[in-house]
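K.L.:
Okay, here's the structure, questions in a sec.
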Amino acid sequence: MESLRIKSLFSSLVLFVLVSSPTLSSAASLGINYGQLGNNLPQPTDVIPLINSIGATKAKLYDANPQILSAFANTSIEFMVAIGNNLLSSMGDPQQALTWVKSNVQTYLPATKITGIMVGNEVLTLNNTELSNNLVPAMKSVYAALVSLGLDKSINVTTAHSLNIMGSTYPPSAGAFEQDYKVYMQAILSFHVQTGSPFYINMYPFFAYTSSPSEIDLNYVLFEPNNGFVDPTTKLSYDNMLFAQIDAVYSAITLLGYKGVSICESETGWPSKGDADEVGATLDNAAKYNSNLIKMVAENKVTPLGSNLDIYIFALFNENMKPGPTSERNFGLFQPDKIPVYSVRLTDGVSVSSSAVKRYNSLIVLFFCIASIAIL
């Protein structure tokens with residue numbers, strides 16, 4: 001009888017959490033980058049309600065942190081884990097790749113939903129020939145490890161690129177990869193076709209704007225009303241930079257003969273603070289960019305060329321140990337104390353603010369207290 005009462009309480013708690021969390025439509029694909037370059041970040045178990053609160057269904061790590069993967073067991077969040085650039089040479093060895101997959105992926109399945117492995121990050125634009133040459137062999141070895149373990153149907157293998165792999169992005173129909181990277185792109189795209197995995201790329205309209213603020217309409221990069229432009233070749237209209245960048249990449253992929261490869265945005269976001277020369281890095285602009293982006297994902301918007309939005313927002317937290325300009329430490333939706341940096345509109349009339357998250361967390365704590373008393 002006692003065990004039945006506990007099970008009933010647990011079921012009620014699960015239902016409570018599900019109905020209390022704002023969510024996107026089932027067809028949406030919103031993720032969040034969960035970085036860890038901070039010495040004051042909350043415990044992974046405390047992060048679960050934060051991810052739920054923004055309606056995200058996926059999280060991307062820059063490693064395979066065991067504490068995080070264990071903490072998210074038996075949740076609905078899908079994870080993409082990562083193999084660092086420093087491991088690419090060793091991952092070319094099939095046995096070492098198999099050992100890594102067993103230790104960092106298989107051991108957490110099926111409780112933790114790991115659906116992707118990111119092999120390296122922005123490798124090609126580091127202009128390191130050894131790393132670039134090791135990339136595809138590493139991807140192939142990791143994929144072979146998944147095949148041998150019977151996991152290849154449920155876990156993708158991919159890599160994330162910088163937008164700097166592009167030699168041309170304007171207009172979108174003229175999108176083309178930088179000549180020096182084409183030989184690598186051929187091999188990478190061939191791998192995606194053979195394995196059915198998506199092409200991931202990091203896109204930041206913020207960097208384009210802050211480098212030329214007098215030439216770019218701020219509303220165009222923030223998804224706010226603006227005149228936009230018409231691509232002279234396709235005659236398609238573009239009213240925001242992100243869609244133009246995505247379609248430019250689509251054109252570049254098509255130009256190499258790989259039209260069927262899907263594109264995912266592995267990083268995109270806007271900083272809430274920056275240095276004096278980082279024009280546009282403000283709370284208001286960050287709130288507009290991410291709110292409008294989340295809304296478009298929720299509404300299942302597609303680019304003019306028909307690409308779906310598969311987005312990972314950068315980032316979950318402001319990370320105080322990130323190097324570089326001030327903006328690098330201020331891309332987060334949340335402060336390390338779990339309070340939102342600014343209010344994010346999920347959909348019309350629904351937002352996540354500091355008070356909303358506080359109420360949400362307080363309700364969960366209250367429910368646990370009531371459940372504990374009832375059990376006693």
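As shown in the structure tokens, the chain order sets the letters A, B, ...; within each chain, residues go from 1, and ligands are also counted from 1 in the order they appear.
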List as a Markdown table every residue of range 314-344 of chain A that is in contact with range 38-45 of chain A, defined as an atom at most 7 Å from one of its atoms (using only C-alpha atoms), together with the nearest atom pair and the distance in Å rounded to one decimal, sorted by chain and then rising number.

P.N.:
| residue | atom | partner | partner_atom | distance |
| --- | --- | --- | --- | --- |
| A:Glu319 | CA | A:Gly38 | CA | 4.6 |
| A:Asn320 | CA | A:Gly38 | CA | 5.0 |
| A:Met321 | CA | A:Gly38 | CA | 4.9 |
| A:Pro336 | CA | A:Leu41 | CA | 4.8 |
| A:Asp337 | CA | A:Pro42 | CA | 6.9 |

K.L.:
Using the selection just defined, write its residues with N, CA and C atoms as a PDB file, in the first residue's frame.

P.N.:
ATOM      1  N   GLU A 319      28.802  32.507 -19.007  1.00  0.00           N
ATOM      2  CA  GLU A 319      29.927  31.713 -18.491  1.00  0.00           C
ATOM      3  C   GLU A 319      31.117  32.635 -18.223  1.00  0.00           C
ATOM      4  N   ASN A 320      31.463  32.794 -16.946  1.00  0.00           N
ATOM      5  CA  ASN A 320      32.443  33.816 -16.549  1.00  0.00           C
ATOM      6  C   ASN A 320      33.891  33.465 -16.844  1.00  0.00           C
ATOM      7  N   MET A 321      34.161  32.245 -17.304  1.00  0.00           N
ATOM      8  CA  MET A 321      35.541  31.852 -17.584  1.00  0.00           C
ATOM      9  C   MET A 321      35.849  31.773 -19.082  1.00  0.00           C
ATOM     10  N   PRO A 336      24.205  32.484 -13.714  1.00  0.00           N
ATOM     11  CA  PRO A 336      24.556  31.269 -12.968  1.00  0.00           C
ATOM     12  C   PRO A 336      23.648  31.012 -11.764  1.00  0.00           C
ATOM     13  N   ASP A 337      22.989  32.059 -11.244  1.00  0.00           N
ATOM     14  CA  ASP A 337      22.065  31.856 -10.114  1.00  0.00           C
ATOM     15  C   ASP A 337      20.686  31.404 -10.575  1.00  0.00           C
TER      16      ASP A 337
END

K.L.:
Just want the 9 Å neighbourhood of Tyr34 in chain A, counted on only C-alpha atoms, with same-chain residues fewer than 6 positions away dropped. Output as a PyMOL selection string.

P.N.:
chain A and resi 59-62+314-317

K.L.:
Output as a tab-separated table one row per residue of range 60-116 of chain A within 12 Å of range 46-55 of chain A: the closest atom pair and its distance in Å to one decimal place, counting only C-alpha atoms, sorted by chain and residue number ascending.

P.N.:
residue	atom	partner	partner_atom	distance
A:Lys60	CA	A:Ile51	CA	11.5
A:Gln67	CA	A:Val47	CA	11.9
A:Ile68	CA	A:Val47	CA	9.3
A:Leu69	CA	A:Ile48	CA	11.4
A:Ser70	CA	A:Ile48	CA	11.9
A:Ala71	CA	A:Ile48	CA	8.6
A:Phe72	CA	A:Ile48	CA	7.3
A:Ala73	CA	A:Ile48	CA	10.5
A:Asn74	CA	A:Ile48	CA	11.2
A:Thr75	CA	A:Ile48	CA	8.3
A:Ser76	CA	A:Asn52	CA	9.3
A:Ile77	CA	A:Ile51	CA	8.4
A:Glu78	CA	A:Ile51	CA	11.1
A:Phe79	CA	A:Ile51	CA	12.0

K.L.:
When DSSP works through the backbone of this structure, what residues of range 1-142 of chain A end up as strand (DSSP E), shown as a PyMOL selection string?

P.N.:
chain A and resi 30-33+58-60+78-83+113-121

K.L.:
Write the residues of the preceding selection, restricted to N, CA, C and O atoms, as a PDB file, in the first residue's frame.

P.N.:
ATOM      1  N   LEU A  30      13.817  23.023 -31.111  1.00  0.00           N
ATOM      2  CA  LEU A  30      14.587  24.029 -30.404  1.00  0.00           C
ATOM      3  C   LEU A  30      15.513  23.369 -29.400  1.00  0.00           C
ATOM      4  O   LEU A  30      15.086  22.572 -28.576  1.00  0.00           O
ATOM      5  N   GLY A  31      16.793  23.714 -29.490  1.00  0.00           N
ATOM      6  CA  GLY A  31      17.774  23.190 -28.548  1.00  0.00           C
ATOM      7  C   GLY A  31      18.530  24.328 -27.891  1.00  0.00           C
ATOM      8  O   GLY A  31      18.388  25.493 -28.256  1.00  0.00           O
ATOM      9  N   ILE A  32      19.366  23.982 -26.926  1.00  0.00           N
ATOM     10  CA  ILE A  32      20.157  24.968 -26.202  1.00  0.00           C
ATOM     11  C   ILE A  32      21.574  24.444 -26.030  1.00  0.00           C
ATOM     12  O   ILE A  32      21.767  23.247 -25.792  1.00  0.00           O
ATOM     13  N   ASN A  33      22.556  25.320 -26.189  1.00  0.00           N
ATOM     14  CA  ASN A  33      23.945  24.942 -25.946  1.00  0.00           C
ATOM     15  C   ASN A  33      24.245  25.071 -24.461  1.00  0.00           C
ATOM     16  O   ASN A  33      24.108  26.149 -23.881  1.00  0.00           O
ATOM     17  N   LYS A  58      16.049  19.858 -26.640  1.00  0.00           N
ATOM     18  CA  LYS A  58      17.378  19.291 -26.887  1.00  0.00           C
ATOM     19  C   LYS A  58      18.436  20.145 -26.210  1.00  0.00           C
ATOM     20  O   LYS A  58      18.238  21.339 -25.982  1.00  0.00           O
ATOM     21  N   ALA A  59      19.559  19.518 -25.906  1.00  0.00           N
ATOM     22  CA  ALA A  59      20.707  20.245 -25.352  1.00  0.00           C
ATOM     23  C   ALA A  59      21.970  19.720 -26.008  1.00  0.00           C
ATOM     24  O   ALA A  59      22.084  18.528 -26.302  1.00  0.00           O
ATOM     25  N   LYS A  60      22.908  20.622 -26.227  1.00  0.00           N
ATOM     26  CA  LYS A  60      24.176  20.239 -26.851  1.00  0.00           C
ATOM     27  C   LYS A  60      25.312  20.548 -25.895  1.00  0.00           C
ATOM     28  O   LYS A  60      25.425  21.664 -25.389  1.00  0.00           O
ATOM     29  N   GLU A  78      16.757  15.574 -25.196  1.00  0.00           N
ATOM     30  CA  GLU A  78      17.680  14.840 -26.060  1.00  0.00           C
ATOM     31  C   GLU A  78      19.038  15.527 -26.033  1.00  0.00           C
ATOM     32  O   GLU A  78      19.123  16.755 -26.103  1.00  0.00           O
ATOM     33  N   PHE A  79      20.102  14.733 -25.973  1.00  0.00           N
ATOM     34  CA  PHE A  79      21.448  15.293 -25.855  1.00  0.00           C
ATOM     35  C   PHE A  79      22.315  15.002 -27.074  1.00  0.00           C
ATOM     36  O   PHE A  79      22.274  13.913 -27.637  1.00  0.00           O
ATOM     37  N   MET A  80      23.089  16.004 -27.420  1.00  0.00           N
ATOM     38  CA  MET A  80      24.184  15.815 -28.366  1.00  0.00           C
ATOM     39  C   MET A  80      25.476  15.982 -27.581  1.00  0.00           C
ATOM     40  O   MET A  80      25.693  17.013 -26.944  1.00  0.00           O
ATOM     41  N   VAL A  81      26.305  14.951 -27.590  1.00  0.00           N
ATOM     42  CA  VAL A  81      27.598  15.019 -26.901  1.00  0.00           C
ATOM     43  C   VAL A  81      28.680  15.340 -27.917  1.00  0.00           C
ATOM     44  O   VAL A  81      28.443  15.294 -29.131  1.00  0.00           O
ATOM     45  N   ALA A  82      29.863  15.676 -27.429  1.00  0.00           N
ATOM     46  CA  ALA A  82      30.908  16.130 -28.352  1.00  0.00           C
ATOM     47  C   ALA A  82      32.258  15.489 -28.058  1.00  0.00           C
ATOM     48  O   ALA A  82      32.589  15.192 -26.900  1.00  0.00           O
ATOM     49  N   ILE A  83      33.008  15.310 -29.115  1.00  0.00           N
ATOM     50  CA  ILE A  83      34.398  14.868 -29.040  1.00  0.00           C
ATOM     51  C   ILE A  83      35.268  16.073 -29.389  1.00  0.00           C
ATOM     52  O   ILE A  83      35.127  16.664 -30.458  1.00  0.00           O
ATOM     53  N   LYS A 113      18.754  10.298 -23.116  1.00  0.00           N
ATOM     54  CA  LYS A 113      18.485  10.280 -24.549  1.00  0.00           C
ATOM     55  C   LYS A 113      19.605  10.982 -25.327  1.00  0.00           C
ATOM     56  O   LYS A 113      19.538  12.182 -25.586  1.00  0.00           O
ATOM     57  N   ILE A 114      20.616  10.230 -25.683  1.00  0.00           N
ATOM     58  CA  ILE A 114      21.712  10.760 -26.498  1.00  0.00           C
ATOM     59  C   ILE A 114      21.390  10.453 -27.957  1.00  0.00           C
ATOM     60  O   ILE A 114      21.255   9.294 -28.341  1.00  0.00           O
ATOM     61  N   THR A 115      21.241  11.499 -28.761  1.00  0.00           N
ATOM     62  CA  THR A 115      20.818  11.317 -30.152  1.00  0.00           C
ATOM     63  C   THR A 115      21.847  11.801 -31.170  1.00  0.00           C
ATOM     64  O   THR A 115      21.614  11.696 -32.372  1.00  0.00           O
ATOM     65  N   GLY A 116      22.980  12.345 -30.683  1.00  0.00           N
ATOM     66  CA  GLY A 116      23.976  12.822 -31.624  1.00  0.00           C
ATOM     67  C   GLY A 116      25.363  12.906 -31.010  1.00  0.00           C
ATOM     68  O   GLY A 116      25.506  13.083 -29.798  1.00  0.00           O
ATOM     69  N   ILE A 117      26.365  12.758 -31.862  1.00  0.00           N
ATOM     70  CA  ILE A 117      27.762  12.932 -31.452  1.00  0.00           C
ATOM     71  C   ILE A 117      28.398  13.959 -32.383  1.00  0.00           C
ATOM     72  O   ILE A 117      28.448  13.764 -33.598  1.00  0.00           O
ATOM     73  N   MET A 118      28.856  15.047 -31.802  1.00  0.00           N
ATOM     74  CA  MET A 118      29.525  16.105 -32.553  1.00  0.00           C
ATOM     75  C   MET A 118      31.027  15.835 -32.531  1.00  0.00           C
ATOM     76  O   MET A 118      31.654  15.883 -31.471  1.00  0.00           O
ATOM     77  N   VAL A 119      31.599  15.549 -33.671  1.00  0.00           N
ATOM     78  CA  VAL A 119      33.015  15.230 -33.765  1.00  0.00           C
ATOM     79  C   VAL A 119      33.776  16.501 -34.166  1.00  0.00           C
ATOM     80  O   VAL A 119      33.795  16.903 -35.322  1.00  0.00           O
ATOM     81  N   GLY A 120      34.376  17.158 -33.195  1.00  0.00           N
ATOM     82  CA  GLY A 120      35.108  18.383 -33.456  1.00  0.00           C
ATOM     83  C   GLY A 120      34.202  19.596 -33.580  1.00  0.00           C
ATOM     84  O   GLY A 120      32.991  19.481 -33.786  1.00  0.00           O
ATOM     85  N   ASN A 121      34.803  20.778 -33.455  1.00  0.00           N
ATOM     86  CA  ASN A 121      34.054  22.023 -33.541  1.00  0.00           C
ATOM     87  C   ASN A 121      34.850  23.051 -34.344  1.00  0.00           C
ATOM     88  O   ASN A 121      35.991  23.370 -34.002  1.00  0.00           O
TER      89      ASN A 121
END

K.L.:
Write out, as CSV, each residue of range 200-290 of chain A that has an atom at most 12 Å from range 179-184 of chain A, together with the closest pair of atoms and their distance in Å to one decimal, counting only C-alpha atoms, rows going by chain and rising number.

P.N.:
residue,atom,partner,partner_atom,distance
A:Ala252,CA,A:Lys182,CA,9.9
A:Ile253,CA,A:Lys182,CA,10.2
A:Leu255,CA,A:Lys182,CA,10.7
A:Leu256,CA,A:Lys182,CA,8.4
A:Gly257,CA,A:Lys182,CA,11.9

K.L.:
Keeping only N, CA, C and O atoms, take the residues you just selected and write them out as an mmCIF file, in the first residue's frame.

P.N.:
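Dumped everything to result.cif:
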data_model
loop_
_atom_site.group_PDB
_atom_site.id
_atom_site.type_symbol
_atom_site.label_atom_id
_atom_site.label_comp_id
_atom_site.auth_asym_id
_atom_site.auth_seq_id
_atom_site.Cartn_x
_atom_site.Cartn_y
_atom_site.Cartn_z
ATOM 1 N N ALA A 252 25.317 26.498 -51.332
ATOM 2 C CA ALA A 252 26.693 25.993 -51.415
ATOM 3 C C ALA A 252 26.716 24.466 -51.441
ATOM 4 O O ALA A 252 27.488 23.857 -52.192
ATOM 5 N N ILE A 253 25.873 23.859 -50.622
ATOM 6 C CA ILE A 253 25.785 22.392 -50.592
ATOM 7 C C ILE A 253 25.254 21.871 -51.924
ATOM 8 O O ILE A 253 25.766 20.889 -52.487
ATOM 9 N N LEU A 255 25.475 23.327 -54.787
ATOM 10 C CA LEU A 255 26.482 23.575 -55.820
ATOM 11 C C LEU A 255 27.478 22.420 -55.917
ATOM 12 O O LEU A 255 27.989 22.113 -56.996
ATOM 13 N N LEU A 256 27.730 21.757 -54.790
ATOM 14 C CA LEU A 256 28.657 20.625 -54.790
ATOM 15 C C LEU A 256 27.954 19.305 -55.106
ATOM 16 O O LEU A 256 28.584 18.248 -55.116
ATOM 17 N N GLY A 257 26.638 19.373 -55.327
ATOM 18 C CA GLY A 257 25.903 18.181 -55.742
ATOM 19 C C GLY A 257 25.280 17.380 -54.611
ATOM 20 O O GLY A 257 24.960 16.205 -54.792
#

K.L.:
When you look at range 214-225 of chain A with a cut-off of 7 Å (counting only C-alpha atoms), what residues show up, excluding the ones that are within fewer than 2 positions of it in the same chain? I need them as a list of chain:residue names.

P.N.:
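Near neighbours after the sequence-gap exclusion: A:Pro205, A:Tyr209, A:Ser212, A:Gly228, A:Asp239, A:Asn240, A:Met241, A:Lys288, A:Tyr289, A:Asn292.
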
K.L.:
Could the residues in this selection be written to a file with all heavy atoms, as an mmCIF file, in the first residue's frame?

P.N.:
data_model
loop_
_atom_site.group_PDB
_atom_site.id
_atom_site.type_symbol
_atom_site.label_atom_id
_atom_site.label_comp_id
_atom_site.auth_asym_id
_atom_site.auth_seq_id
_atom_site.Cartn_x
_atom_site.Cartn_y
_atom_site.Cartn_z
ATOM 1 N N PRO A 205 24.298 36.278 -36.792
ATOM 2 C CA PRO A 205 24.061 37.592 -37.413
ATOM 3 C C PRO A 205 24.623 38.743 -36.579
ATOM 4 O O PRO A 205 24.964 39.795 -37.136
ATOM 5 C CB PRO A 205 22.529 37.650 -37.495
ATOM 6 C CG PRO A 205 22.122 36.214 -37.672
ATOM 7 C CD PRO A 205 23.068 35.455 -36.766
ATOM 8 N N TYR A 209 26.513 42.144 -37.944
ATOM 9 C CA TYR A 209 26.008 43.483 -37.644
ATOM 10 C C TYR A 209 27.047 44.339 -36.934
ATOM 11 O O TYR A 209 27.286 45.491 -37.316
ATOM 12 C CB TYR A 209 24.739 43.399 -36.787
ATOM 13 C CG TYR A 209 24.255 44.764 -36.345
ATOM 14 C CD1 TYR A 209 23.595 45.598 -37.240
ATOM 15 C CD2 TYR A 209 24.505 45.233 -35.051
ATOM 16 C CE1 TYR A 209 23.176 46.872 -36.862
ATOM 17 C CE2 TYR A 209 24.090 46.504 -34.664
ATOM 18 C CZ TYR A 209 23.428 47.316 -35.570
ATOM 19 O OH TYR A 209 23.030 48.576 -35.193
ATOM 20 N N SER A 212 29.631 45.874 -39.127
ATOM 21 C CA SER A 212 29.204 46.890 -40.108
ATOM 22 C C SER A 212 27.850 47.481 -39.714
ATOM 23 O O SER A 212 26.871 47.398 -40.479
ATOM 24 C CB SER A 212 29.109 46.278 -41.511
ATOM 25 O OG SER A 212 30.326 45.687 -41.906
ATOM 26 N N GLY A 228 13.824 44.322 -46.016
ATOM 27 C CA GLY A 228 14.476 43.132 -46.533
ATOM 28 C C GLY A 228 15.004 43.342 -47.948
ATOM 29 O O GLY A 228 15.277 44.458 -48.378
ATOM 30 N N ASP A 239 13.619 38.683 -45.213
ATOM 31 C CA ASP A 239 13.416 39.766 -44.255
ATOM 32 C C ASP A 239 14.230 39.581 -42.980
ATOM 33 O O ASP A 239 14.022 40.286 -41.997
ATOM 34 C CB ASP A 239 11.937 39.927 -43.916
ATOM 35 C CG ASP A 239 11.331 38.682 -43.271
ATOM 36 O OD1 ASP A 239 12.082 37.712 -42.988
ATOM 37 O OD2 ASP A 239 10.110 38.681 -43.051
ATOM 38 N N ASN A 240 15.156 38.600 -42.982
ATOM 39 C CA ASN A 240 16.069 38.459 -41.843
ATOM 40 C C ASN A 240 17.364 37.794 -42.299
ATOM 41 O O ASN A 240 17.376 37.016 -43.257
ATOM 42 C CB ASN A 240 15.424 37.687 -40.684
ATOM 43 C CG ASN A 240 15.246 36.211 -40.967
ATOM 44 O OD1 ASN A 240 16.188 35.429 -40.857
ATOM 45 N ND2 ASN A 240 14.045 35.813 -41.365
ATOM 46 N N MET A 241 18.448 38.127 -41.624
ATOM 47 C CA MET A 241 19.766 37.656 -42.032
ATOM 48 C C MET A 241 19.956 36.158 -41.810
ATOM 49 O O MET A 241 20.612 35.484 -42.621
ATOM 50 C CB MET A 241 20.864 38.427 -41.300
ATOM 51 C CG MET A 241 22.282 38.011 -41.714
ATOM 52 S SD MET A 241 23.593 38.962 -40.934
ATOM 53 C CE MET A 241 23.474 40.512 -41.817
ATOM 54 N N LYS A 288 15.082 40.549 -28.040
ATOM 55 C CA LYS A 288 14.356 40.524 -29.313
ATOM 56 C C LYS A 288 14.826 39.378 -30.195
ATOM 57 O O LYS A 288 14.013 38.640 -30.776
ATOM 58 C CB LYS A 288 14.548 41.854 -30.057
ATOM 59 C CG LYS A 288 13.768 43.009 -29.474
ATOM 60 C CD LYS A 288 14.020 44.290 -30.267
ATOM 61 C CE LYS A 288 13.229 45.461 -29.688
ATOM 62 N NZ LYS A 288 13.521 46.726 -30.433
ATOM 63 N N TYR A 289 16.144 39.205 -30.313
ATOM 64 C CA TYR A 289 16.678 38.164 -31.199
ATOM 65 C C TYR A 289 16.197 36.783 -30.765
ATOM 66 O O TYR A 289 15.630 36.021 -31.557
ATOM 67 C CB TYR A 289 18.204 38.198 -31.217
ATOM 68 C CG TYR A 289 18.804 37.209 -32.203
ATOM 69 C CD1 TYR A 289 18.989 37.561 -33.538
ATOM 70 C CD2 TYR A 289 19.174 35.925 -31.809
ATOM 71 C CE1 TYR A 289 19.507 36.661 -34.460
ATOM 72 C CE2 TYR A 289 19.690 35.018 -32.719
ATOM 73 C CZ TYR A 289 19.865 35.381 -34.044
ATOM 74 O OH TYR A 289 20.365 34.470 -34.947
ATOM 75 N N ASN A 292 12.205 36.329 -30.812
ATOM 76 C CA ASN A 292 11.686 36.174 -32.173
ATOM 77 C C ASN A 292 12.121 34.851 -32.791
ATOM 78 O O ASN A 292 11.361 34.216 -33.527
ATOM 79 C CB ASN A 292 12.165 37.333 -33.047
ATOM 80 C CG ASN A 292 11.469 38.643 -32.710
ATOM 81 O OD1 ASN A 292 10.351 38.647 -32.215
ATOM 82 N ND2 ASN A 292 12.130 39.759 -32.967
#

K.L.:
Between CA of Asp247 in chain A and CA of Ser307 in chain A, what distance in Å does the model show, to one decimal?

P.N.:
7.4 Å

K.L.:
Could you jot down the CA of Tyr238 in chain A to CA of Asn330 in chain A separation for me, Å, one decimal place?

P.N.:
28.4 Å

K.L.:
To one decimal in Å, tell me the separation between CA of Ala64 in chain A and CA of Asn86 in chain A.

P.N.:
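These two atoms are separated by 14.0 Å.
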
K.L.:
Using only C-alpha atoms, which protein or nucleic acid residues come within 8 Å of range 134-137 of chain A? Drop anything in the same chain fewer than 5 positions from it, and give the result as a ChimeraX atom specification.

P.N.:
/A:88-89,91-92,119-120,123,187-188,191

K.L.:
For the selection you just gave me, I'd like the residues written to a file as a PDB file, in the first residue's frame, keeping N, CA and C atoms.

P.N.:
ATOM      1  N   LEU A  88      40.709  14.237 -32.062  1.00  0.00           N
ATOM      2  CA  LEU A  88      40.438  13.804 -33.435  1.00  0.00           C
ATOM      3  C   LEU A  88      41.442  12.787 -33.953  1.00  0.00           C
ATOM      4  N   SER A  89      42.722  12.982 -33.655  1.00  0.00           N
ATOM      5  CA  SER A  89      43.727  12.053 -34.178  1.00  0.00           C
ATOM      6  C   SER A  89      43.538  10.655 -33.609  1.00  0.00           C
ATOM      7  N   MET A  91      40.721   9.394 -32.488  1.00  0.00           N
ATOM      8  CA  MET A  91      39.437   8.825 -32.911  1.00  0.00           C
ATOM      9  C   MET A  91      39.522   8.179 -34.288  1.00  0.00           C
ATOM     10  N   GLY A  92      40.592   8.451 -35.028  1.00  0.00           N
ATOM     11  CA  GLY A  92      40.777   7.775 -36.300  1.00  0.00           C
ATOM     12  C   GLY A  92      41.051   6.294 -36.132  1.00  0.00           C
ATOM     13  N   VAL A 119      31.599  15.549 -33.671  1.00  0.00           N
ATOM     14  CA  VAL A 119      33.015  15.230 -33.765  1.00  0.00           C
ATOM     15  C   VAL A 119      33.776  16.501 -34.166  1.00  0.00           C
ATOM     16  N   GLY A 120      34.376  17.158 -33.195  1.00  0.00           N
ATOM     17  CA  GLY A 120      35.108  18.383 -33.456  1.00  0.00           C
ATOM     18  C   GLY A 120      34.202  19.596 -33.580  1.00  0.00           C
ATOM     19  N   VAL A 123      36.473  22.914 -37.052  1.00  0.00           N
ATOM     20  CA  VAL A 123      37.808  22.382 -37.332  1.00  0.00           C
ATOM     21  C   VAL A 123      38.448  23.035 -38.558  1.00  0.00           C
ATOM     22  N   ALA A 187      34.142  15.491 -48.934  1.00  0.00           N
ATOM     23  CA  ALA A 187      34.214  14.272 -48.127  1.00  0.00           C
ATOM     24  C   ALA A 187      33.197  14.306 -46.985  1.00  0.00           C
ATOM     25  N   ILE A 188      33.038  15.477 -46.368  1.00  0.00           N
ATOM     26  CA  ILE A 188      32.095  15.607 -45.251  1.00  0.00           C
ATOM     27  C   ILE A 188      30.662  15.424 -45.728  1.00  0.00           C
ATOM     28  N   PHE A 191      29.843  11.904 -46.483  1.00  0.00           N
ATOM     29  CA  PHE A 191      29.588  11.166 -45.243  1.00  0.00           C
ATOM     30  C   PHE A 191      28.150  11.400 -44.772  1.00  0.00           C
TER      31      PHE A 191
END
